[in-house]
Amino acid sequence: MTEISIILENAGFDKDELESLIGNQMDGSVEVVLADPGYLRVLNRKYRHLDKATDVLTFDLALNDEGRPEGTIFVDGRLFPPFEELLERIFHGYLHLKGYSHRNEKDAGIMSRKVDSLVANALRNQAEN
């Protein structure tokens, strides 16, 4: 189950539409929180001891008994990036919940291809509806 929370003023998209786009792409119990960069900076400073903004922060609870991810993805949800970038951020965080990383070039390539595939599927589903 995917749940979207928006703690961002003047979000330029519909929460239900976003849930329908990404919900069928993600398994497990995942919450996506759309926030502004200042909020992400506070979280980054508090939990990662990095005093800078970031576009995605993922806090995983664990993989459940079926190997499905559980956790929260905080995403910079500002209006100016294209919608595809918002989806990229969300799916990037989701893959972190599933145990993927981008610590080296090989892993980064795998993760990038998986993100691209998830975004393409979500956009294709949007076009069909």
# chains A, B, ... in the order shown; residues from 1 in each chain; ligands from 1
>>> residues_around(residues="stretch 50-63 of chain A", least_positions_apart="5", cutoff="9 Å", atoms="only C-alpha atoms", output="VMD selection string")
chain A and resid 28 36 to 45 68 to 77 89 to 90 92 to 94 96 to 99
>>> write_last_selection(atoms="N, CA, C and O atoms", output="CSV table (one decimal), in the first residue's frame")
chain,number,residue,atom,x,y,z
A,28,GLY,N,4.6,-3.3,-0.8
A,28,GLY,CA,5.0,-3.1,0.6
A,28,GLY,C,4.1,-2.0,1.1
A,28,GLY,O,3.1,-1.6,0.6
A,36,ASP,N,9.0,20.6,1.2
A,36,ASP,CA,9.9,21.7,0.6
A,36,ASP,C,11.3,21.4,1.0
A,36,ASP,O,11.6,20.6,1.9
A,37,PRO,N,12.3,22.0,0.3
A,37,PRO,CA,13.7,21.8,0.6
A,37,PRO,C,14.1,22.1,2.0
A,37,PRO,O,15.0,21.4,2.6
A,38,GLY,N,13.5,23.1,2.6
A,38,GLY,CA,13.9,23.4,4.0
A,38,GLY,C,13.6,22.3,5.0
A,38,GLY,O,14.4,22.0,5.9
A,39,TYR,N,12.4,21.7,4.8
A,39,TYR,CA,12.0,20.5,5.6
A,39,TYR,C,13.0,19.4,5.4
A,39,TYR,O,13.5,18.8,6.4
A,40,LEU,N,13.4,19.1,4.2
A,40,LEU,CA,14.4,18.0,3.9
A,40,LEU,C,15.7,18.4,4.5
A,40,LEU,O,16.4,17.5,5.0
A,41,ARG,N,16.1,19.6,4.5
A,41,ARG,CA,17.4,20.0,5.1
A,41,ARG,C,17.4,19.8,6.6
A,41,ARG,O,18.4,19.3,7.1
A,42,VAL,N,16.3,20.1,7.2
A,42,VAL,CA,16.2,19.8,8.7
A,42,VAL,C,16.4,18.3,9.0
A,42,VAL,O,17.1,17.9,9.9
A,43,LEU,N,15.6,17.5,8.2
A,43,LEU,CA,15.8,16.0,8.4
A,43,LEU,C,17.2,15.5,8.1
A,43,LEU,O,17.7,14.7,8.8
A,44,ASN,N,17.8,16.1,7.0
A,44,ASN,CA,19.1,15.7,6.6
A,44,ASN,C,20.1,16.0,7.8
A,44,ASN,O,21.0,15.2,8.1
A,45,ARG,N,19.9,17.2,8.3
A,45,ARG,CA,20.8,17.6,9.4
A,45,ARG,C,20.6,16.8,10.7
A,45,ARG,O,21.6,16.3,11.3
A,68,ARG,N,8.9,-7.4,1.2
A,68,ARG,CA,8.4,-6.2,0.7
A,68,ARG,C,8.8,-5.0,1.6
A,68,ARG,O,8.7,-5.2,2.8
A,69,PRO,N,9.1,-3.9,1.0
A,69,PRO,CA,9.7,-2.8,1.8
A,69,PRO,C,8.6,-2.1,2.6
A,69,PRO,O,7.4,-2.0,2.3
A,70,GLU,N,9.1,-1.5,3.7
A,70,GLU,CA,8.2,-0.7,4.6
A,70,GLU,C,9.1,0.5,5.0
A,70,GLU,O,10.2,0.4,5.4
A,71,GLY,N,8.5,1.7,4.8
A,71,GLY,CA,9.2,2.9,5.2
A,71,GLY,C,8.6,4.2,4.7
A,71,GLY,O,7.5,4.1,4.1
A,72,THR,N,9.3,5.2,4.8
A,72,THR,CA,8.9,6.6,4.4
A,72,THR,C,9.9,7.2,3.5
A,72,THR,O,11.1,7.1,3.7
A,73,ILE,N,9.4,7.8,2.4
A,73,ILE,CA,10.2,8.5,1.4
A,73,ILE,C,9.8,10.0,1.5
A,73,ILE,O,8.7,10.3,1.2
A,74,PHE,N,10.8,10.8,1.9
A,74,PHE,CA,10.6,12.3,1.9
A,74,PHE,C,11.1,12.8,0.6
A,74,PHE,O,12.3,12.5,0.2
A,75,VAL,N,10.3,13.6,-0.2
A,75,VAL,CA,10.7,14.0,-1.5
A,75,VAL,C,10.5,15.5,-1.6
A,75,VAL,O,9.5,16.1,-1.1
A,76,ASP,N,11.4,16.2,-2.3
A,76,ASP,CA,11.3,17.6,-2.6
A,76,ASP,C,10.2,17.7,-3.7
A,76,ASP,O,10.4,17.2,-4.8
A,77,GLY,N,9.0,18.2,-3.3
A,77,GLY,CA,7.9,18.2,-4.2
A,77,GLY,C,7.6,19.6,-4.8
A,77,GLY,O,6.4,19.9,-5.1
A,89,ARG,N,12.3,11.0,-8.3
A,89,ARG,CA,12.7,11.1,-6.9
A,89,ARG,C,12.0,10.1,-6.1
A,89,ARG,O,12.5,9.4,-5.2
A,90,ILE,N,10.7,9.9,-6.3
A,90,ILE,CA,9.9,9.0,-5.6
A,90,ILE,C,10.4,7.5,-5.8
A,90,ILE,O,10.6,6.8,-4.8
A,92,HIS,N,13.3,6.6,-6.9
A,92,HIS,CA,14.7,6.5,-6.4
A,92,HIS,C,14.6,6.1,-4.9
A,92,HIS,O,15.3,5.2,-4.5
A,93,GLY,N,13.8,6.8,-4.2
A,93,GLY,CA,13.6,6.5,-2.7
A,93,GLY,C,13.1,5.1,-2.5
A,93,GLY,O,13.5,4.4,-1.6
A,94,TYR,N,12.1,4.7,-3.4
A,94,TYR,CA,11.5,3.4,-3.3
A,94,TYR,C,12.6,2.3,-3.5
A,94,TYR,O,12.6,1.3,-2.7
A,96,HIS,N,15.7,2.5,-2.8
A,96,HIS,CA,16.5,2.5,-1.6
A,96,HIS,C,15.8,1.6,-0.6
A,96,HIS,O,16.4,0.8,0.1
A,97,LEU,N,14.5,1.7,-0.4
A,97,LEU,CA,13.7,0.9,0.5
A,97,LEU,C,13.8,-0.6,0.2
A,97,LEU,O,13.8,-1.4,1.1
A,98,LYS,N,14.0,-0.9,-1.1
A,98,LYS,CA,14.1,-2.3,-1.5
A,98,LYS,C,15.5,-2.8,-1.4
A,98,LYS,O,15.8,-3.9,-1.8
A,99,GLY,N,16.4,-1.9,-1.0
A,99,GLY,CA,17.8,-2.4,-0.7
A,99,GLY,C,18.8,-2.0,-1.8
A,99,GLY,O,20.0,-2.3,-1.7
>>> atom_distance(atom1="atom CA of A:Leu95", atom2="atom CA of A:Gly23")
13.9 Å
>>> atom_distance(atom1="atom CA of A:Glu31", atom2="atom CA of A:Ala127")
24.3 Å
>>> closest_residue(among="A:Ser29, A:Ser5, A:Gln126, A:Asn10", to="A:Arg78", atoms="only C-alpha atoms")
A:Asn10
>>> atom_distance(atom1="atom CA of A:Phe13", atom2="atom CA of A:Val115")
20.7 Å
>>> select_by_dssp(residues="chain A", states="strand (DSSP E)", output="list in words")
Thr2, Glu3, Ile4, Ser5, Ile6, Ser29, Val30, Glu31, Val32, Val33, Leu34, Ala35, Val56, Leu57, Thr58, Phe59, Asp60, Leu61, Ala62, Leu63, Pro69, Glu70, Gly71, Thr72, Ile73, Phe74, Val75 and Asp76 of chain A
>>> write_last_selection(atoms="C-alpha atoms", output="PDB file, in the first residue's frame")
ATOM      1  CA  THR A   2       1.311   3.411  -0.964  1.00  0.00           C
ATOM      2  CA  GLU A   3       0.144   6.524   0.830  1.00  0.00           C
ATOM      3  CA  ILE A   4       0.911  10.107  -0.185  1.00  0.00           C
ATOM      4  CA  SER A   5       1.186  12.955   2.323  1.00  0.00           C
ATOM      5  CA  ILE A   6       1.701  16.515   1.158  1.00  0.00           C
ATOM      6  CA  SER A  29       3.863  -0.370   2.968  1.00  0.00           C
ATOM      7  CA  VAL A  30       5.337   2.887   1.707  1.00  0.00           C
ATOM      8  CA  GLU A  31       4.511   6.462   2.629  1.00  0.00           C
ATOM      9  CA  VAL A  32       5.636   9.235   0.305  1.00  0.00           C
ATOM     10  CA  VAL A  33       5.825  12.673   1.907  1.00  0.00           C
ATOM     11  CA  LEU A  34       6.125  15.671  -0.415  1.00  0.00           C
ATOM     12  CA  ALA A  35       7.847  18.538   1.352  1.00  0.00           C
ATOM     13  CA  VAL A  56      15.119  12.555  -1.515  1.00  0.00           C
ATOM     14  CA  LEU A  57      15.482  11.039   1.954  1.00  0.00           C
ATOM     15  CA  THR A  58      14.419   7.489   2.684  1.00  0.00           C
ATOM     16  CA  PHE A  59      13.805   5.999   6.102  1.00  0.00           C
ATOM     17  CA  ASP A  60      13.288   2.279   5.936  1.00  0.00           C
ATOM     18  CA  LEU A  61      11.610   0.322   8.682  1.00  0.00           C
ATOM     19  CA  ALA A  62      12.575  -3.086   7.290  1.00  0.00           C
ATOM     20  CA  LEU A  63      11.616  -5.623   4.704  1.00  0.00           C
ATOM     21  CA  PRO A  69       9.658  -2.779   1.784  1.00  0.00           C
ATOM     22  CA  GLU A  70       8.248  -0.694   4.593  1.00  0.00           C
ATOM     23  CA  GLY A  71       9.228   2.892   5.217  1.00  0.00           C
ATOM     24  CA  THR A  72       8.871   6.562   4.374  1.00  0.00           C
ATOM     25  CA  ILE A  73      10.241   8.494   1.428  1.00  0.00           C
ATOM     26  CA  PHE A  74      10.563  12.273   1.869  1.00  0.00           C
ATOM     27  CA  VAL A  75      10.700  14.027  -1.503  1.00  0.00           C
ATOM     28  CA  ASP A  76      11.272  17.608  -2.598  1.00  0.00           C
TER      29      ASP A  76
END
>>> closest_residue(among="A:Lys46, A:Arg124, A:His102, A:Lys114", to="A:Leu21", atoms="only C-alpha atoms")
A:Arg124
>>> select_by_dssp(residues="stretch 55-121 of chain A", states="helix (DSSP H, G or I)", output="count of residues only")
32
>>> residues_around(residues="A:Ile22", least_positions_apart="3", cutoff="10 Å", atoms="only C-alpha atoms", output="number ranges by chain")
A: 2-4, 17-19, 25-27, 32, 87, 90-91, 118-119, 121-123, 125-126
>>> write_last_selection(atoms="all heavy atoms", output="short mmCIF file (atom, residue, chain, number, x, y, z; two decimals), in the first residue's frame")
data_model
loop_
_atom_site.label_atom_id
_atom_site.label_comp_id
_atom_site.auth_asym_id
_atom_site.auth_seq_id
_atom_site.Cartn_x
_atom_site.Cartn_y
_atom_site.Cartn_z
N THR A 2 0.58 2.15 -0.88
CA THR A 2 1.31 3.41 -0.96
C THR A 2 0.40 4.53 -0.51
O THR A 2 -0.75 4.62 -0.93
CB THR A 2 1.77 3.69 -2.40
OG1 THR A 2 2.57 2.59 -2.85
CG2 THR A 2 2.57 4.97 -2.49
N GLU A 3 0.91 5.38 0.35
CA GLU A 3 0.14 6.52 0.83
C GLU A 3 0.95 7.79 0.57
O GLU A 3 2.16 7.81 0.78
CB GLU A 3 -0.12 6.38 2.33
CG GLU A 3 -0.94 7.50 2.91
CD GLU A 3 -1.22 7.30 4.38
OE1 GLU A 3 -1.39 6.16 4.82
OE2 GLU A 3 -1.25 8.32 5.08
N ILE A 4 0.27 8.82 0.11
CA ILE A 4 0.91 10.11 -0.18
C ILE A 4 0.49 11.12 0.88
O ILE A 4 -0.69 11.25 1.18
CB ILE A 4 0.48 10.65 -1.56
CG1 ILE A 4 0.72 9.64 -2.66
CG2 ILE A 4 1.17 11.98 -1.86
CD1 ILE A 4 2.14 9.43 -3.04
N GLU A 17 -4.30 11.40 -7.92
CA GLU A 17 -3.72 11.05 -9.21
C GLU A 17 -2.30 10.50 -9.02
O GLU A 17 -1.92 9.49 -9.62
CB GLU A 17 -3.68 12.25 -10.14
CG GLU A 17 -3.03 11.95 -11.47
CD GLU A 17 -2.87 13.19 -12.35
OE1 GLU A 17 -3.08 14.32 -11.86
OE2 GLU A 17 -2.50 13.02 -13.51
N LEU A 18 -1.53 11.16 -8.16
CA LEU A 18 -0.17 10.71 -7.90
C LEU A 18 -0.18 9.32 -7.26
O LEU A 18 0.60 8.45 -7.63
CB LEU A 18 0.56 11.72 -7.01
CG LEU A 18 2.04 11.54 -6.81
CD1 LEU A 18 2.79 11.50 -8.14
CD2 LEU A 18 2.59 12.65 -5.94
N GLU A 19 -1.09 9.09 -6.31
CA GLU A 19 -1.21 7.77 -5.70
C GLU A 19 -1.53 6.70 -6.73
O GLU A 19 -0.97 5.61 -6.70
CB GLU A 19 -2.27 7.76 -4.59
CG GLU A 19 -1.79 8.33 -3.29
CD GLU A 19 -2.86 8.32 -2.21
OE1 GLU A 19 -4.05 8.07 -2.49
OE2 GLU A 19 -2.48 8.58 -1.05
N GLN A 25 2.94 0.56 -8.88
CA GLN A 25 4.35 0.30 -9.18
C GLN A 25 5.13 -0.12 -7.94
O GLN A 25 6.23 -0.64 -8.05
CB GLN A 25 5.01 1.56 -9.74
CG GLN A 25 4.38 2.12 -10.96
CD GLN A 25 4.90 1.46 -12.21
OE1 GLN A 25 5.95 0.84 -12.21
NE2 GLN A 25 4.14 1.57 -13.27
N MET A 26 4.57 0.15 -6.76
CA MET A 26 5.31 -0.07 -5.53
C MET A 26 4.56 -1.04 -4.63
O MET A 26 3.37 -0.87 -4.39
CB MET A 26 5.53 1.28 -4.81
CG MET A 26 6.32 2.24 -5.65
SD MET A 26 6.75 3.88 -5.01
CE MET A 26 5.90 4.12 -3.54
N ASP A 27 5.28 -2.03 -4.14
CA ASP A 27 4.66 -2.96 -3.20
C ASP A 27 5.13 -2.63 -1.79
O ASP A 27 5.95 -1.74 -1.58
CB ASP A 27 4.97 -4.41 -3.58
CG ASP A 27 6.46 -4.73 -3.54
OD1 ASP A 27 7.28 -3.81 -3.36
OD2 ASP A 27 6.80 -5.91 -3.69
N VAL A 32 4.88 8.21 1.03
CA VAL A 32 5.64 9.24 0.31
C VAL A 32 5.18 10.58 0.84
O VAL A 32 3.99 10.89 0.83
CB VAL A 32 5.38 9.16 -1.22
CG1 VAL A 32 6.11 10.28 -1.94
CG2 VAL A 32 5.80 7.79 -1.76
N LEU A 87 8.51 11.94 -10.14
CA LEU A 87 8.41 10.48 -10.17
C LEU A 87 9.79 9.84 -9.99
O LEU A 87 9.92 8.84 -9.26
CB LEU A 87 7.78 10.01 -11.48
CG LEU A 87 6.31 10.36 -11.69
CD1 LEU A 87 5.86 9.98 -13.09
CD2 LEU A 87 5.43 9.71 -10.64
N ILE A 90 10.66 9.91 -6.32
CA ILE A 90 9.87 8.95 -5.56
C ILE A 90 10.39 7.53 -5.79
O ILE A 90 10.63 6.77 -4.83
CB ILE A 90 8.38 9.06 -5.93
CG1 ILE A 90 7.82 10.39 -5.42
CG2 ILE A 90 7.58 7.88 -5.36
CD1 ILE A 90 6.44 10.74 -5.95
N PHE A 91 10.59 7.15 -7.05
CA PHE A 91 11.04 5.79 -7.34
C PHE A 91 12.48 5.56 -6.89
O PHE A 91 12.85 4.45 -6.50
CB PHE A 91 10.85 5.46 -8.82
CG PHE A 91 9.41 5.32 -9.20
CD1 PHE A 91 8.90 5.98 -10.31
CD2 PHE A 91 8.53 4.54 -8.47
CE1 PHE A 91 7.57 5.86 -10.68
CE2 PHE A 91 7.20 4.40 -8.82
CZ PHE A 91 6.72 5.07 -9.93
N LEU A 118 10.50 2.35 -14.06
CA LEU A 118 9.32 2.65 -13.23
C LEU A 118 8.65 3.94 -13.68
O LEU A 118 7.42 4.02 -13.74
CB LEU A 118 9.73 2.73 -11.76
CG LEU A 118 10.10 1.41 -11.09
CD1 LEU A 118 10.83 1.65 -9.78
CD2 LEU A 118 8.85 0.56 -10.87
N VAL A 119 9.44 4.97 -13.99
CA VAL A 119 8.88 6.25 -14.46
C VAL A 119 8.15 6.04 -15.78
O VAL A 119 7.02 6.52 -15.97
CB VAL A 119 9.98 7.33 -14.59
CG1 VAL A 119 9.45 8.56 -15.32
CG2 VAL A 119 10.52 7.71 -13.22
N ASN A 121 6.78 3.33 -16.96
CA ASN A 121 5.52 2.60 -16.72
C ASN A 121 4.45 3.51 -16.13
O ASN A 121 3.29 3.43 -16.52
CB ASN A 121 5.77 1.41 -15.79
CG ASN A 121 6.50 0.28 -16.48
OD1 ASN A 121 6.49 0.17 -17.70
ND2 ASN A 121 7.15 -0.56 -15.68
N ALA A 122 4.84 4.35 -15.18
CA ALA A 122 3.87 5.27 -14.56
C ALA A 122 3.31 6.24 -15.59
O ALA A 122 2.11 6.49 -15.64
CB ALA A 122 4.51 6.02 -13.40
N LEU A 123 4.17 6.80 -16.44
CA LEU A 123 3.72 7.75 -17.46
C LEU A 123 2.86 7.06 -18.53
O LEU A 123 1.90 7.64 -19.02
CB LEU A 123 4.92 8.45 -18.09
CG LEU A 123 5.71 9.37 -17.15
CD1 LEU A 123 6.94 9.92 -17.84
CD2 LEU A 123 4.82 10.48 -16.61
N ASN A 125 0.94 4.46 -17.94
CA ASN A 125 -0.36 4.26 -17.29
C ASN A 125 -1.16 5.55 -17.26
O ASN A 125 -2.38 5.53 -17.44
CB ASN A 125 -0.17 3.75 -15.86
CG ASN A 125 0.34 2.33 -15.82
OD1 ASN A 125 0.25 1.59 -16.79
ND2 ASN A 125 0.89 1.95 -14.69
N GLN A 126 -0.48 6.68 -17.05
CA GLN A 126 -1.17 7.97 -17.04
C GLN A 126 -1.76 8.27 -18.41
O GLN A 126 -2.89 8.74 -18.53
CB GLN A 126 -0.21 9.08 -16.63
CG GLN A 126 -0.85 10.45 -16.58
CD GLN A 126 0.16 11.54 -16.31
OE1 GLN A 126 1.29 11.49 -16.79
NE2 GLN A 126 -0.25 12.53 -15.55
#
